[in-house]
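Novice: Sharing work_20.txt here; it has compact mmCIF, C-alpha atoms.
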# COMPACT_ATOMS: atom_id res chain seq x y z
CA MET A 1 280.49 82.32 180.53
CA LEU A 2 283.71 84.31 180.34
CA HIS A 3 283.95 87.34 178.02
CA ASN A 4 287.05 89.41 177.21
CA MET A 5 287.05 93.18 176.74
CA LYS A 6 289.82 95.74 176.38
CA LEU A 7 290.00 99.03 178.27
CA GLN A 8 292.15 102.12 178.23
CA PRO A 9 294.17 102.55 181.47
CA GLU A 10 291.94 105.16 183.13
CA PRO A 11 288.64 103.24 182.95
CA PHE A 12 290.53 100.04 183.78
CA GLU A 13 291.81 101.59 187.02
CA MET A 14 288.37 103.03 187.83
CA ILE A 15 286.80 99.57 187.56
CA LYS A 16 289.70 98.03 189.50
CA CYS A 17 289.17 100.40 192.44
CA GLY A 18 285.37 100.08 192.32
CA GLN A 19 284.65 103.66 191.23
CA LYS A 20 283.29 102.61 187.84
CA THR A 21 280.57 99.96 188.09
CA TYR A 22 278.99 100.35 184.65
CA GLU A 23 280.76 99.65 181.38
CA LEU A 24 279.09 101.37 178.42
CA ARG A 25 279.17 99.56 175.09
CA LEU A 26 277.42 99.18 171.77
CA LEU A 27 274.91 96.31 171.96
CA ASP A 28 276.54 94.55 169.01
CA THR A 29 276.63 90.79 168.47
CA LYS A 30 279.53 90.37 170.93
CA ARG A 31 277.70 92.20 173.74
CA GLN A 32 274.41 90.44 172.97
CA LYS A 33 276.09 87.25 174.20
CA VAL A 34 276.66 88.73 177.67
CA SER A 35 274.20 87.64 180.37
CA VAL A 36 273.69 88.45 184.04
CA GLY A 37 275.93 86.12 186.04
CA ASP A 38 278.65 85.98 183.37
CA THR A 39 282.21 87.13 184.03
CA ILE A 40 284.08 89.75 182.02
CA GLU A 41 287.87 89.81 182.01
CA PHE A 42 289.12 93.31 181.24
CA LEU A 43 292.57 93.79 179.73
CA ASN A 44 294.46 97.01 180.40
CA LEU A 45 295.57 98.18 176.95
CA LYS A 46 298.62 100.00 178.31
CA ASN A 47 299.88 97.13 180.46
CA LYS A 48 298.62 93.95 178.85
CA ARG A 49 299.73 91.91 181.85
CA ASP A 50 297.07 93.59 183.99
CA LYS A 51 293.65 91.99 183.99
CA ILE A 52 290.65 92.23 186.23
CA ARG A 53 287.54 90.11 186.40
CA ALA A 54 284.07 91.35 187.17
CA ARG A 55 280.72 89.62 187.38
CA VAL A 56 277.81 90.98 185.37
CA VAL A 57 275.02 91.89 187.81
CA GLY A 58 272.82 93.86 185.44
CA LEU A 59 272.27 94.70 181.79
CA HIS A 60 270.57 98.00 181.00
CA MET A 61 269.68 98.32 177.31
CA PHE A 62 268.77 101.53 175.50
CA ASP A 63 268.21 102.77 171.97
CA SER A 64 270.88 105.44 172.34
CA PHE A 65 273.48 106.88 174.68
CA SER A 66 271.16 109.87 175.14
CA GLU A 67 268.61 107.57 176.81
CA LEU A 68 271.35 105.81 178.78
CA TYR A 69 272.85 109.07 180.07
CA ALA A 70 269.41 110.20 181.26
CA THR A 71 268.94 106.99 183.28
CA ILE A 72 272.24 105.53 184.57
CA PRO A 73 274.23 107.32 187.33
CA LEU A 74 277.10 108.85 185.39
CA LEU A 75 279.43 108.92 188.40
CA LYS A 76 279.38 105.12 188.19
CA CYS A 77 280.11 105.17 184.43
CA GLY A 78 283.60 106.63 184.50
CA TYR A 79 282.86 110.29 185.11
CA THR A 80 284.17 112.05 188.19
CA ALA A 81 282.86 114.91 190.33
CA GLN A 82 285.23 117.15 188.39
CA ASN A 83 283.86 116.31 184.93
CA VAL A 84 280.33 114.95 185.35
CA ALA A 85 278.78 118.38 184.74
CA ASP A 86 280.28 118.28 181.24
CA ALA A 87 279.15 114.69 180.53
CA ASN A 88 277.40 114.42 177.21
CA PRO A 89 276.12 111.41 175.25
CA SER A 90 278.17 112.65 172.30
CA ASP A 91 281.26 111.69 174.35
CA MET A 92 280.57 108.11 173.27
CA GLU A 93 280.70 109.03 169.57
CA ARG A 94 284.50 108.78 169.70
CA TYR A 95 283.91 105.03 170.09
CA TYR A 96 280.55 104.41 168.37
CA SER A 97 278.96 106.42 165.57
CA LYS A 98 275.32 107.53 165.68
CA THR A 99 274.70 105.10 162.81
CA GLU A 100 276.07 102.19 164.87
CA GLN A 101 274.03 103.27 167.88
CA ALA A 102 270.86 103.39 165.76
CA GLN A 103 271.63 100.00 164.24
CA TRP A 104 272.49 98.10 167.42
CA GLY A 105 271.37 100.06 170.47
CA VAL A 106 273.59 100.44 173.52
CA VAL A 107 274.06 98.75 176.87
CA ALA A 108 275.27 99.68 180.34
CA ILE A 109 276.83 96.53 181.76
CA GLU A 110 276.55 96.68 185.55
CA LEU A 111 279.58 95.10 187.21
CA GLU A 112 280.69 93.71 190.54
CA LEU A 113 284.39 93.02 190.99
CA SER A 114 285.29 89.42 191.63
CA CYS A 115 286.71 90.30 195.07
CA GLY A 116 289.01 92.87 193.48
CA CYS A 117 290.91 90.15 191.68
CA VAL A 118 293.89 91.28 189.67
CA ARG A 119 296.43 89.19 187.79
CA ALA A 120 299.85 90.04 186.48
CA LEU A 121 300.73 87.52 183.81
CA GLU A 122 304.39 87.44 184.70
CA ASN A 123 303.70 85.72 188.01
CA GLN A 124 301.44 83.05 186.44
CA THR A 125 299.80 82.44 189.82
CA GLY A 126 296.28 83.11 188.63
CA PHE A 127 293.85 85.60 190.07
CA MET A 128 294.59 86.76 193.57
CA CYS A 129 292.14 88.38 195.94
Could the structure of this file be written out as structure tokens, please?

Specialist:
Amino acid sequence: MLHNMKLQPEPFEMIKCGQKTYELRLLDTKRQKVSVGDTIEFLNLKNKRDKIRARVVGLHMFDSFSELYATIPLLKCGYTAQNVADANPSDMERYYSKTEQAQWGVVAIELELSCGCVRALENQTGFMC
């Protein structure tokens, strides 16, 4: 199954280059439909012609981002060597409130790039590896 998700430019580029292999999300009804083996197409919010596809290779579910941060390697979640020491589960509250986290739970979607495929819509040639 193919799922669509939007990303800010920085995490988009980190997934594109293979640095970020976990996408952290609320485990809401949309994410509950994601299964291992599915494909996610990420849209770069700054340049909507840029898309990448990744295969879901793991789903790691937690009650909160506090549990997730204690378990998942943060350097694979979008943090860098320069900022990982300051990583805090409250960082995710800019996207998801504590109430939402308590209601739904959270998920780390483990990704594998589909051979680094990238598509620019203007060329209409499909995904190229």

Novice: Near Leu26 (chain A), counting all atoms listed in the file, which residues have an atom at most 7 Å away, once you skip same-chain residues fewer than 5 positions from it, shown as a PyMOL selection string?

Specialist: chain A and resi 96+101+104-107

Novice: Using only C-alpha atoms, list the residues that have an atom at most 12 Å from (285.8, 110.5, 190.1), coordinates as in the file, as a tab-separated table (two decimals) with C-alpha atoms, in the coordinates of the input.

Specialist:
chain	number	residue	atom	x	y	z
A	10	GLU	CA	291.94	105.16	183.13
A	11	PRO	CA	288.64	103.24	182.95
A	13	GLU	CA	291.81	101.59	187.02
A	14	MET	CA	288.37	103.03	187.83
A	15	ILE	CA	286.80	99.57	187.56
A	17	CYS	CA	289.17	100.40	192.44
A	18	GLY	CA	285.37	100.08	192.32
A	19	GLN	CA	284.65	103.66	191.23
A	20	LYS	CA	283.29	102.61	187.84
A	21	THR	CA	280.57	99.96	188.09
A	74	LEU	CA	277.10	108.85	185.39
A	75	LEU	CA	279.43	108.92	188.40
A	76	LYS	CA	279.38	105.12	188.19
A	77	CYS	CA	280.11	105.17	184.43
A	78	GLY	CA	283.60	106.63	184.50
A	79	TYR	CA	282.86	110.29	185.11
A	80	THR	CA	284.17	112.05	188.19
A	81	ALA	CA	282.86	114.91	190.33
A	82	GLN	CA	285.23	117.15	188.39
A	83	ASN	CA	283.86	116.31	184.93
A	84	VAL	CA	280.33	114.95	185.35
A	85	ALA	CA	278.78	118.38	184.74

Novice: Suppose you want the space between CA of Ile40 (chain A) and CA of Tyr95 (chain A); what is it in Å?

Specialist: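 Those two atoms sit 19.4 Å apart.
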
Novice: Between CA of Met5 (chain A) and CA of Ser114 (chain A), measure the distance and give it in Å to one decimal.

Specialist: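 Straight-line distance from CA of Met5 (chain A) to CA of Ser114 (chain A) works out to 15.5 Å.
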
Novice: For a quick check of understanding, using only C-alpha atoms, which of A:Lys98, A:Ser66, A:Lys46, A:Met61 has the smallest distance to Glu23 (chain A)?

Specialist: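 When distances to Glu23 (chain A) are compared using only C-alpha atoms, the smallest one comes from A:Met61.
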
Novice: Rounded to one decimal place, report the CA of Leu113 (chain A)-CA of Leu24 (chain A) distance in Å.

Specialist: 16.0 Å

Novice: Kindly indicate which residue among A:Leu7, A:Met1, A:Leu27, A:Val36 lies nearest to Gln103 (chain A), using all atoms listed in the file for the distances.

Specialist: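 Between A:Leu7, A:Met1, A:Leu27, A:Val36, the residue approaching Gln103 (chain A) most closely is A:Leu27.
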
Novice: Could you check which of A:Glu93, A:Asp38, A:Asp63, A:Asp86 is closest to Glu110 (chain A), using all atoms listed in the file?

Specialist: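 Of A:Glu93, A:Asp38, A:Asp63, A:Asp86, the one nearest Glu110 (chain A), counting all atoms listed in the file, is A:Asp38.
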